[in-house]
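Pasted below: input.pdb, PDB, C-alpha atoms.
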ATOM      1  CA  MET F1489     -35.281 -21.225   8.638
ATOM      2  CA  GLN F1490     -31.711 -21.857   7.546
ATOM      3  CA  MET F1491     -29.228 -23.920   9.519
ATOM      4  CA  ALA F1492     -26.178 -22.086  10.803
ATOM      5  CA  LYS F1493     -23.175 -22.813   8.656
ATOM      6  CA  HIS F1494     -21.173 -25.668  10.144
ATOM      7  CA  PHE F1495     -17.491 -25.415   9.379
ATOM      8  CA  SER F1496     -15.997 -28.531   7.875
ATOM      9  CA  VAL F1497     -12.413 -29.443   8.659
ATOM     10  CA  LYS F1498     -11.293 -28.060   5.330
ATOM     11  CA  ASP F1499     -13.145 -24.815   5.939
ATOM     12  CA  LYS F1500     -11.427 -24.481   9.310
ATOM     13  CA  GLU F1501      -8.071 -24.951   7.606
ATOM     14  CA  ALA F1502      -8.905 -22.309   5.091
ATOM     15  CA  ILE F1503      -9.923 -19.865   7.780
ATOM     16  CA  ARG F1504      -6.844 -20.655   9.831
ATOM     17  CA  LEU F1505      -4.838 -19.700   6.766
ATOM     18  CA  LEU F1506      -6.589 -16.373   6.613
ATOM     19  CA  PHE F1507      -5.732 -15.474  10.167
ATOM     20  CA  SER F1508      -2.152 -16.662  10.037
ATOM     21  CA  PRO F1509       0.014 -13.616  10.619
ATOM     22  CA  LEU F1510       2.210 -14.253   7.649
ATOM     23  CA  ALA F1511       2.142 -10.929   5.889
ATOM     24  CA  GLN F1512       5.421 -11.189   4.020
ATOM     25  CA  ARG F1513       8.458 -10.967   6.212
ATOM     26  CA  CYS F1514       6.564 -11.254   9.493
ATOM     27  CA  TYR F1515       9.127 -10.972  12.232
ATOM     28  CA  SER F1516       7.403 -13.081  14.868
ATOM     29  CA  HIS F1517       9.800 -15.589  16.403
ATOM     30  CA  GLY F1518       9.369 -19.211  17.241
ATOM     31  CA  GLY F1519       8.209 -20.480  13.860
ATOM     32  CA  LYS F1520       9.890 -21.547  10.649
ATOM     33  CA  GLN F1521       9.762 -18.898   7.960
ATOM     34  CA  GLU F1522       7.427 -19.934   5.169
ATOM     35  CA  THR F1523       8.941 -20.052   1.695
ATOM     36  CA  ASP F1524       7.424 -18.222  -1.240
ATOM     37  CA  GLU F1525       6.431 -21.539  -2.770
ATOM     38  CA  GLU F1526       4.650 -22.644   0.396
ATOM     39  CA  PHE F1527       2.871 -19.319   0.584
ATOM     40  CA  ASP F1528       1.726 -19.598  -3.024
ATOM     41  CA  ALA F1529       0.623 -23.197  -2.575
ATOM     42  CA  ARG F1530      -1.439 -22.281   0.482
ATOM     43  CA  TRP F1531      -3.277 -19.612  -1.396
ATOM     44  CA  VAL F1532      -3.835 -21.723  -4.484
ATOM     45  CA  ASN F1533      -5.370 -24.365  -2.222
ATOM     46  CA  TYR F1534      -7.490 -21.741  -0.526
ATOM     47  CA  PHE F1535      -9.132 -20.633  -3.753
ATOM     48  CA  ASN F1536      -9.274 -24.149  -5.160
ATOM     49  CA  LYS F1537     -11.558 -25.304  -2.388
ATOM     50  CA  ALA F1538     -14.500 -26.923  -4.159
ATOM     51  CA  ASP F1539     -17.231 -25.418  -2.015
ATOM     52  CA  ILE F1540     -15.645 -22.007  -1.435
ATOM     53  CA  ASP F1541     -18.328 -19.467  -0.777
ATOM     54  CA  ALA F1542     -18.642 -15.829  -1.720
ATOM     55  CA  TRP F1543     -17.553 -14.573   1.675
ATOM     56  CA  GLU F1544     -14.407 -16.704   1.623
ATOM     57  CA  LEU F1545     -13.597 -15.483  -1.861
ATOM     58  CA  ARG F1546     -13.889 -11.842  -0.837
ATOM     59  CA  LYS F1547     -12.080 -12.408   2.448
ATOM     60  CA  GLY F1548      -9.311 -14.275   0.709
ATOM     61  CA  MET F1549      -8.822 -11.593  -1.894
ATOM     62  CA  ASN F1550      -8.865  -8.791   0.629
ATOM     63  CA  THR F1551      -6.337 -10.579   2.801
ATOM     64  CA  LEU F1552      -4.139 -11.377  -0.186
ATOM     65  CA  ILE F1553      -4.215  -7.790  -1.391
ATOM     66  CA  GLY F1554      -3.063  -6.647   2.038
ATOM     67  CA  TYR F1555       0.306  -8.350   1.625
ATOM     68  CA  ASP F1556       3.414  -6.671   0.276
ATOM     69  CA  LEU F1557       3.370  -8.612  -2.966
ATOM     70  CA  VAL F1558       1.513  -8.961  -6.234
ATOM     71  CA  PRO F1559      -0.068 -12.434  -6.275
ATOM     72  CA  GLU F1560       1.422 -15.021  -8.568
ATOM     73  CA  PRO F1561      -0.512 -15.902 -11.720
ATOM     74  CA  LYS F1562      -1.321 -19.330 -10.338
ATOM     75  CA  ILE F1563      -3.006 -17.848  -7.299
ATOM     76  CA  LEU F1564      -4.992 -15.449  -9.465
ATOM     77  CA  ASP F1565      -5.930 -18.330 -11.742
ATOM     78  CA  ALA F1566      -7.414 -20.218  -8.801
ATOM     79  CA  ALA F1567      -9.209 -17.089  -7.626
ATOM     80  CA  LEU F1568     -10.674 -16.443 -11.080
ATOM     81  CA  ARG F1569     -11.909 -20.015 -11.270
ATOM     82  CA  ALA F1570     -13.506 -19.592  -7.871
ATOM     83  CA  CYS F1571     -15.276 -16.515  -9.247
ATOM     84  CA  ARG F1572     -16.476 -18.595 -12.190
ATOM     85  CA  GLY F1573     -17.821 -21.213  -9.821
ATOM     86  CA  LEU F1574     -19.701 -18.542  -7.923
ATOM     87  CA  ASP F1575     -21.006 -16.911 -11.117
ATOM     88  CA  ASP F1576     -19.234 -13.715 -10.069
ATOM     89  CA  LEU F1577     -17.862 -12.023 -13.182
ATOM     90  CA  ALA F1578     -17.739  -8.689 -11.400
ATOM     91  CA  SER F1579     -15.286 -10.004  -8.812
ATOM     92  CA  ALA F1580     -13.204 -11.615 -11.526
ATOM     93  CA  ILE F1581     -12.740  -8.300 -13.302
ATOM     94  CA  ARG F1582     -12.218  -6.547  -9.974
ATOM     95  CA  ILE F1583      -9.383  -8.942  -9.209
ATOM     96  CA  LEU F1584      -7.646  -7.801 -12.362
ATOM     97  CA  GLU F1585      -8.128  -4.153 -11.395
ATOM     98  CA  ALA F1586      -6.805  -4.900  -7.932
ATOM     99  CA  VAL F1587      -3.563  -6.513  -9.075
ATOM    100  CA  LYS F1588      -2.968  -3.704 -11.514
ATOM    101  CA  ASP F1589      -3.320  -1.267  -8.648
ATOM    102  CA  LYS F1590      -1.107  -3.392  -6.401
ATOM    103  CA  SER F1591       1.661  -3.136  -8.957
ATOM    104  CA  GLY F1592       1.880   0.562  -8.214
ATOM    105  CA  PRO F1593       4.551   2.272 -10.275
ATOM    106  CA  HIS F1594       5.880  -1.029 -11.647
ATOM    107  CA  LYS F1595       4.152  -0.991 -14.980
ATOM    108  CA  ASP F1596       5.706  -4.226 -16.188
ATOM    109  CA  ILE F1597       3.842  -6.453 -13.752
ATOM    110  CA  TYR F1598       0.279  -6.168 -15.035
ATOM    111  CA  PRO F1599       1.049  -6.938 -18.691
ATOM    112  CA  TYR F1600       3.008  -9.964 -17.515
ATOM    113  CA  LEU F1601       0.062 -11.153 -15.417
ATOM    114  CA  ILE F1602      -2.377 -10.715 -18.280
ATOM    115  CA  GLN F1603       0.003 -12.620 -20.519
ATOM    116  CA  GLU F1604       0.155 -15.499 -18.058
ATOM    117  CA  LEU F1605      -3.573 -15.445 -17.380
ATOM    118  CA  ARG F1606      -4.648 -15.057 -21.002
ATOM    119  CA  PRO F1607      -5.540 -18.756 -21.464
ATOM    120  CA  THR F1608      -7.656 -18.673 -18.311
ATOM    121  CA  LEU F1609      -9.299 -15.391 -19.230
ATOM    122  CA  ASP F1610     -10.191 -16.753 -22.639
ATOM    123  CA  GLU F1611     -11.404 -20.080 -21.249
ATOM    124  CA  LEU F1612     -13.657 -18.470 -18.679
ATOM    125  CA  GLY F1613     -14.694 -15.586 -20.910
ATOM    126  CA  ILE F1614     -13.420 -12.887 -18.559
ATOM    127  CA  SER F1615     -12.922  -9.468 -20.086
ATOM    128  CA  THR F1616     -10.120  -7.302 -18.810
ATOM    129  CA  PRO F1617     -10.856  -3.798 -17.540
ATOM    130  CA  GLU F1618      -9.037  -2.506 -20.618
ATOM    131  CA  ASP F1619     -11.363  -4.457 -22.911
ATOM    132  CA  LEU F1620     -14.303  -2.814 -21.223
ATOM    133  CA  GLY F1621     -12.788   0.669 -21.242
ATOM    134  CA  MET F1622     -12.878   0.677 -17.457
ATOM    135  CA  ASP F1623      -9.253   1.665 -17.138
ATOM    136  CA  LYS F1624     -10.000   5.139 -18.434
ATOM    137  CA  LEU F1625     -11.648   7.496 -15.995
TER     138      LEU F1625
ATOM    139  CA  MET K 105     -18.849 -15.812 -27.084
ATOM    140  CA  ASN K 106     -15.277 -14.712 -26.798
ATOM    141  CA  MET K 107     -15.033 -10.986 -27.353
ATOM    142  CA  ASN K 108     -11.557 -10.542 -25.909
ATOM    143  CA  ARG K 109      -9.335 -11.145 -28.919
ATOM    144  CA  GLU K 110      -8.894  -8.634 -31.697
ATOM    145  CA  THR K 111     -10.041 -10.335 -34.869
ATOM    146  CA  ASP K 112      -6.879  -9.653 -36.810
ATOM    147  CA  ARG K 113      -4.418 -11.035 -34.246
ATOM    148  CA  PRO K 114      -2.160 -13.527 -36.077
ATOM    149  CA  PRO K 115      -2.815 -17.153 -35.107
ATOM    150  CA  VAL K 116       0.842 -17.731 -34.191
ATOM    151  CA  GLN K 117       1.023 -19.082 -30.657
ATOM    152  CA  ASN K 118       4.174 -17.321 -29.506
ATOM    153  CA  SER K 119       5.199 -13.975 -30.894
ATOM    154  CA  THR K 120       8.833 -12.915 -30.880
ATOM    155  CA  MET K 121       9.114 -12.065 -27.174
ATOM    156  CA  SER K 122       6.916 -13.051 -24.281
ATOM    157  CA  LEU K 123       7.311 -10.868 -21.251
ATOM    158  CA  ALA K 124       9.807 -11.936 -18.641
ATOM    159  CA  LYS K 125       8.617 -12.385 -15.108
ATOM    160  CA  PRO K 126       9.179  -9.176 -13.176
ATOM    161  CA  ALA K 127       9.832  -8.881  -9.462
ATOM    162  CA  MET K 128       6.515  -9.147  -7.679
ATOM    163  CA  ARG K 129       7.326  -9.519  -3.991
ATOM    164  CA  GLY K 130       8.472  -7.129  -1.345
ATOM    165  CA  LEU K 131       8.178  -4.070  -3.571
ATOM    166  CA  LEU K 132       6.893  -1.793  -0.828
ATOM    167  CA  GLY K 133       9.514  -3.054   1.598
ATOM    168  CA  LYS K 134      12.211  -2.289  -0.921
ATOM    169  CA  ARG K 135      10.821   1.186  -1.468
ATOM    170  CA  LEU K 136      10.633   1.913   2.238
ATOM    171  CA  ARG K 137      14.134   0.605   2.919
ATOM    172  CA  PHE K 138      15.317   3.095   0.323
ATOM    173  CA  HIS K 139      13.153   6.105   1.109
ATOM    174  CA  LEU K 140      12.681   6.027   4.885
ATOM    175  CA  PRO K 141      16.344   6.633   5.787
ATOM    176  CA  ILE K 142      16.389   9.489   3.291
ATOM    177  CA  ALA K 143      13.168  10.897   4.732
ATOM    178  CA  PHE K 144      14.570  10.628   8.240
ATOM    179  CA  ALA K 145      17.805  12.319   7.237
ATOM    180  CA  LEU K 146      16.002  15.098   5.371
ATOM    181  CA  SER K 147      13.787  15.717   8.408
ATOM    182  CA  LEU K 148      16.861  16.134  10.582
ATOM    183  CA  VAL K 149      18.364  18.482   8.002
ATOM    184  CA  ALA K 150      15.143  20.512   7.908
ATOM    185  CA  ALA K 151      15.081  20.754  11.689
ATOM    186  CA  ALA K 152      18.749  21.764  11.811
ATOM    187  CA  ALA K 153      18.256  24.310   9.038
ATOM    188  CA  PHE K 154      15.341  25.878  10.904
ATOM    189  CA  LYS K 155      17.239  25.916  14.199
ATOM    190  CA  TYR K 156      20.354  27.531  12.797
ATOM    191  CA  GLY K 157      18.621  29.609  10.148
ATOM    192  CA  VAL K 158      15.749  30.987  12.214
ATOM    193  CA  THR K 159      15.701  30.313  15.946
ATOM    194  CA  GLU K 160      19.376  30.918  16.720
ATOM    195  CA  PRO K 161      19.546  34.223  14.779
ATOM    196  CA  ARG K 162      16.382  35.291  16.566
ATOM    197  CA  LYS K 163      17.801  34.464  19.961
ATOM    198  CA  GLN K 164      20.983  36.291  19.063
ATOM    199  CA  ALA K 165      19.013  39.363  17.940
ATOM    200  CA  TYR K 166      17.253  39.506  21.299
ATOM    201  CA  ALA K 167      20.513  38.988  23.175
ATOM    202  CA  ASP K 168      22.219  41.767  21.190
ATOM    203  CA  PHE K 169      19.324  44.109  21.808
ATOM    204  CA  TYR K 170      19.295  43.582  25.542
ATOM    205  CA  LYS K 171      23.064  43.613  25.953
ATOM    206  CA  GLN K 172      23.116  47.404  25.545
ATOM    207  CA  TYR K 173      19.706  48.019  27.092
ATOM    208  CA  ASP K 174      19.591  50.789  29.668
ATOM    209  CA  THR K 175      16.617  49.851  31.817
ATOM    210  CA  THR K 176      16.504  53.097  33.788
ATOM    211  CA  LYS K 177      16.628  55.318  30.724
ATOM    212  CA  GLU K 178      13.910  53.318  28.991
ATOM    213  CA  PHE K 179      11.788  53.311  32.143
ATOM    214  CA  ASN K 180      11.968  57.093  32.363
ATOM    215  CA  ASN K 181      11.097  57.410  28.673
ATOM    216  CA  MET K 182       8.025  55.239  29.209
ATOM    217  CA  ARG K 183       7.117  57.124  32.378
ATOM    218  CA  ASP K 184       7.257  60.469  30.621
ATOM    219  CA  ALA K 185       5.159  59.078  27.787
ATOM    220  CA  GLY K 186       2.454  58.563  30.414
ATOM    221  CA  VAL K 187       1.886  54.840  29.867
ATOM    222  CA  PHE K 188       2.097  53.863  33.543
ATOM    223  CA  GLU K 189      -0.624  54.016  36.154
ATOM    224  CA  SER K 190       1.622  53.510  39.159
ATOM    225  CA  VAL K 191       3.880  56.517  38.506
ATOM    226  CA  ARG K 192       3.037  59.891  36.919
ATOM    227  CA  PRO K 193       5.423  61.540  34.440
ATOM    228  CA  THR K 194       8.272  63.494  36.088
ATOM    229  CA  GLY K 195       7.228  67.004  36.826
ATOM    230  CA  GLU K 196       3.489  66.386  37.466
TER     231      GLU K 196
END
Written as structure tokens, that's how I'd like the structure from this file.
Amino acid sequence: MQMAKHFSVKDKEAIRLLFSPLAQRCYSHGGKQETDEEFDARWVNYFNKADIDAWELRKGMNTLIGYDLVPEPKILDAALRACRGLDDLASAIRILEAVKDKSGPHKDIYPYLIQELRPTLDELGISTPEDLGMDKL
Amino acid sequence: MNMNRETDRPPVQNSTMSLAKPAMRGLLGKRLRFHLPIAFALSLVAAAAFKYGVTEPRKQAYADFYKQYDTTKEFNNMRDAGVFESVRPTGE
């Protein structure tokens, strides 16, 4: 019925990015250490892929959340736009919940992220969990 | 329909202070580098406290007890109490 998904070159690059072992301060030898800017740029490109699909979005987010960092606003911006492209408001709001949780005890991170993402949230019409009362149990 | 903004927020673009960018990377690593040595040290302290607070006094108590232990006297006491099967109490 449906053809098997053929991976384009760009898809292969994206997937290669996912399986790269760079989980913040990876101690494997033999390679140049990636800078923070390179890391961010890779992930922005990952989510900016025009034909990103739902699986890649979820996989990307899950991988990103596994790192010892809170993603930069520009990465989250690209991820939220990918959600918009996939008509996935639920994932967009979930991303906000996830980064709030990633911040752990550092309560200054989430307000900063919302501040930086506010134009995007307004443009795409994404409500925050707080707007929806989802932050209260 | 944009339902995110409170209706009475002033239209000024930038209020007095926008939030500064906080540290966002390596937070868990930092926490572990701080807490793991402490946890390790506290574990060693707990083990040492138990060894010198519990096990060594116990061993000493046993040693003190058996230092003055008269095996023959105690054997005869047990024998006369009738707890053995291999020997009867003296005088039976």
At a cut-off of 10 Å, can you tabulate as a tab-separated table every residue of chain F near chain K together with its closest atom pair and the distance in Å to one decimal, using all atoms listed in the file and ordering rows by chain then number?
residue	atom	partner	partner_atom	distance
F:Gln1512	CA	K:Gly130	CA	7.4
F:Arg1513	CA	K:Gly130	CA	8.5
F:Asp1524	CA	K:Arg129	CA	9.1
F:Tyr1555	CA	K:Gly130	CA	8.8
F:Asp1556	CA	K:Gly130	CA	5.3
F:Leu1557	CA	K:Arg129	CA	4.2
F:Val1558	CA	K:Met128	CA	5.2
F:Pro1559	CA	K:Met128	CA	7.5
F:Glu1560	CA	K:Met128	CA	7.8
F:Lys1590	CA	K:Met128	CA	9.6
F:Ser1591	CA	K:Met128	CA	7.8
F:Gly1592	CA	K:Leu131	CA	9.1
F:Pro1593	CA	K:Leu131	CA	9.9
F:His1594	CA	K:Pro126	CA	8.9
F:Lys1595	CA	K:Pro126	CA	9.8
F:Asp1596	CA	K:Pro126	CA	6.8
F:Ile1597	CA	K:Pro126	CA	6.0
F:Tyr1598	CA	K:Pro126	CA	9.6
F:Pro1599	CA	K:Leu123	CA	7.8
F:Tyr1600	CA	K:Leu123	CA	5.8
F:Leu1601	CA	K:Lys125	CA	8.6
F:Gln1603	CA	K:Leu123	CA	7.6
F:Glu1604	CA	K:Leu123	CA	9.1
F:Arg1606	CA	K:Asn108	CA	9.6
F:Leu1609	CA	K:Asn108	CA	8.6
F:Asp1610	CA	K:Asn106	CA	6.9
F:Glu1611	CA	K:Asn106	CA	8.6
F:Leu1612	CA	K:Asn106	CA	9.1
F:Gly1613	CA	K:Asn106	CA	6.0
F:Ile1614	CA	K:Asn108	CA	7.9
F:Ser1615	CA	K:Asn108	CA	6.1
F:Thr1616	CA	K:Asn108	CA	7.9
F:Glu1618	CA	K:Asn108	CA	9.9
F:Asp1619	CA	K:Asn108	CA	6.8
F:Leu1620	CA	K:Asn108	CA	9.4
Under the PyMOL selection byres ((chain F and resi 1582) around 12), which residues of this model are included? Write them out as a PyMOL selection string. chain F and resi 1546+1549-1550+1553+1564+1567-1568+1571+1576-1581+1583-1589+1614-1618+1622-1623
Could you tell me how far CA of Phe1535 (chain F) lies from CA of Lys1520 (chain F), in Å and to one decimal? 23.9 Å
Two-atom distance - CA of Asp1541 (chain F), CA of Asp1565 (chain F) (Å):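 Separating CA of Asp1541 (chain F) from CA of Asp1565 (chain F) is a distance of 16.6 Å.
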Distance in Å - CA of Ala143 (chain K) versus CA of Thr159 (chain K): 22.6 Å
If the box runs along x, y and z of the file and leaves 8 Å on each side of region 1591-1604 of chain F, what are its centre and edge lengths in Å, one decimal, as lines of an AutoDock Vina configuration file?
center_x = 1.8
center_y = -6.6
center_z = -14.4
size_x = 24.3
size_y = 33.8
size_z = 28.3
Write region 1589-1615 of chain F as a compact mmCIF listing (two decimals), keeping the file's coordinate frame, completed to N, CA and C atoms.
# COMPACT_ATOMS: atom_id res chain seq x y z
N ASP F 1589 -3.56 -2.32 -9.63
CA ASP F 1589 -3.32 -1.27 -8.65
C ASP F 1589 -2.20 -1.65 -7.69
N LYS F 1590 -2.16 -2.93 -7.32
CA LYS F 1590 -1.11 -3.39 -6.40
C LYS F 1590 0.27 -3.20 -7.00
N SER F 1591 0.36 -3.26 -8.32
CA SER F 1591 1.66 -3.14 -8.96
C SER F 1591 2.24 -1.75 -8.77
N GLY F 1592 1.38 -0.78 -8.47
CA GLY F 1592 1.88 0.56 -8.21
C GLY F 1592 2.60 1.12 -9.42
N PRO F 1593 3.80 1.66 -9.18
CA PRO F 1593 4.55 2.27 -10.28
C PRO F 1593 5.23 1.26 -11.20
N HIS F 1594 5.17 -0.03 -10.84
CA HIS F 1594 5.88 -1.03 -11.65
C HIS F 1594 4.99 -1.49 -12.79
N LYS F 1595 5.12 -0.79 -13.90
CA LYS F 1595 4.15 -0.99 -14.98
C LYS F 1595 4.39 -2.27 -15.77
N ASP F 1596 5.44 -3.01 -15.43
CA ASP F 1596 5.71 -4.23 -16.19
C ASP F 1596 4.99 -5.44 -15.61
N ILE F 1597 4.42 -5.29 -14.41
CA ILE F 1597 3.84 -6.45 -13.75
C ILE F 1597 2.50 -6.84 -14.38
N TYR F 1598 1.63 -5.87 -14.55
CA TYR F 1598 0.28 -6.17 -15.04
C TYR F 1598 0.28 -6.80 -16.41
N PRO F 1599 1.03 -6.26 -17.39
CA PRO F 1599 1.05 -6.94 -18.69
C PRO F 1599 1.55 -8.38 -18.58
N TYR F 1600 2.52 -8.60 -17.70
CA TYR F 1600 3.01 -9.96 -17.52
C TYR F 1600 1.89 -10.86 -16.98
N LEU F 1601 1.14 -10.36 -15.99
CA LEU F 1601 0.06 -11.15 -15.42
C LEU F 1601 -1.00 -11.47 -16.45
N ILE F 1602 -1.36 -10.47 -17.25
CA ILE F 1602 -2.38 -10.72 -18.28
C ILE F 1602 -1.87 -11.74 -19.28
N GLN F 1603 -0.58 -11.64 -19.61
CA GLN F 1603 0.00 -12.62 -20.52
C GLN F 1603 -0.13 -14.03 -19.94
N GLU F 1604 0.20 -14.16 -18.66
CA GLU F 1604 0.16 -15.50 -18.06
C GLU F 1604 -1.28 -15.99 -17.88
N LEU F 1605 -2.19 -15.05 -17.65
CA LEU F 1605 -3.57 -15.44 -17.38
C LEU F 1605 -4.42 -15.53 -18.64
N ARG F 1606 -3.86 -15.14 -19.76
CA ARG F 1606 -4.65 -15.06 -21.00
C ARG F 1606 -5.41 -16.36 -21.30
N PRO F 1607 -4.76 -17.53 -21.20
CA PRO F 1607 -5.54 -18.76 -21.46
C PRO F 1607 -6.75 -18.89 -20.54
N THR F 1608 -6.54 -18.57 -19.26
CA THR F 1608 -7.66 -18.67 -18.31
C THR F 1608 -8.74 -17.65 -18.63
N LEU F 1609 -8.31 -16.42 -18.92
CA LEU F 1609 -9.30 -15.39 -19.23
C LEU F 1609 -10.13 -15.79 -20.44
N ASP F 1610 -9.45 -16.34 -21.45
CA ASP F 1610 -10.19 -16.75 -22.64
C ASP F 1610 -11.12 -17.92 -22.33
N GLU F 1611 -10.60 -18.89 -21.55
CA GLU F 1611 -11.40 -20.08 -21.25
C GLU F 1611 -12.66 -19.70 -20.49
N LEU F 1612 -12.52 -18.81 -19.53
CA LEU F 1612 -13.66 -18.47 -18.68
C LEU F 1612 -14.46 -17.31 -19.23
N GLY F 1613 -13.96 -16.70 -20.32
CA GLY F 1613 -14.69 -15.59 -20.91
C GLY F 1613 -14.68 -14.35 -20.06
N ILE F 1614 -13.54 -14.06 -19.42
CA ILE F 1614 -13.42 -12.89 -18.56
C ILE F 1614 -12.80 -11.76 -19.36
N SER F 1615 -13.49 -10.63 -19.41
CA SER F 1615 -12.92 -9.47 -20.09
C SER F 1615 -12.00 -8.74 -19.12
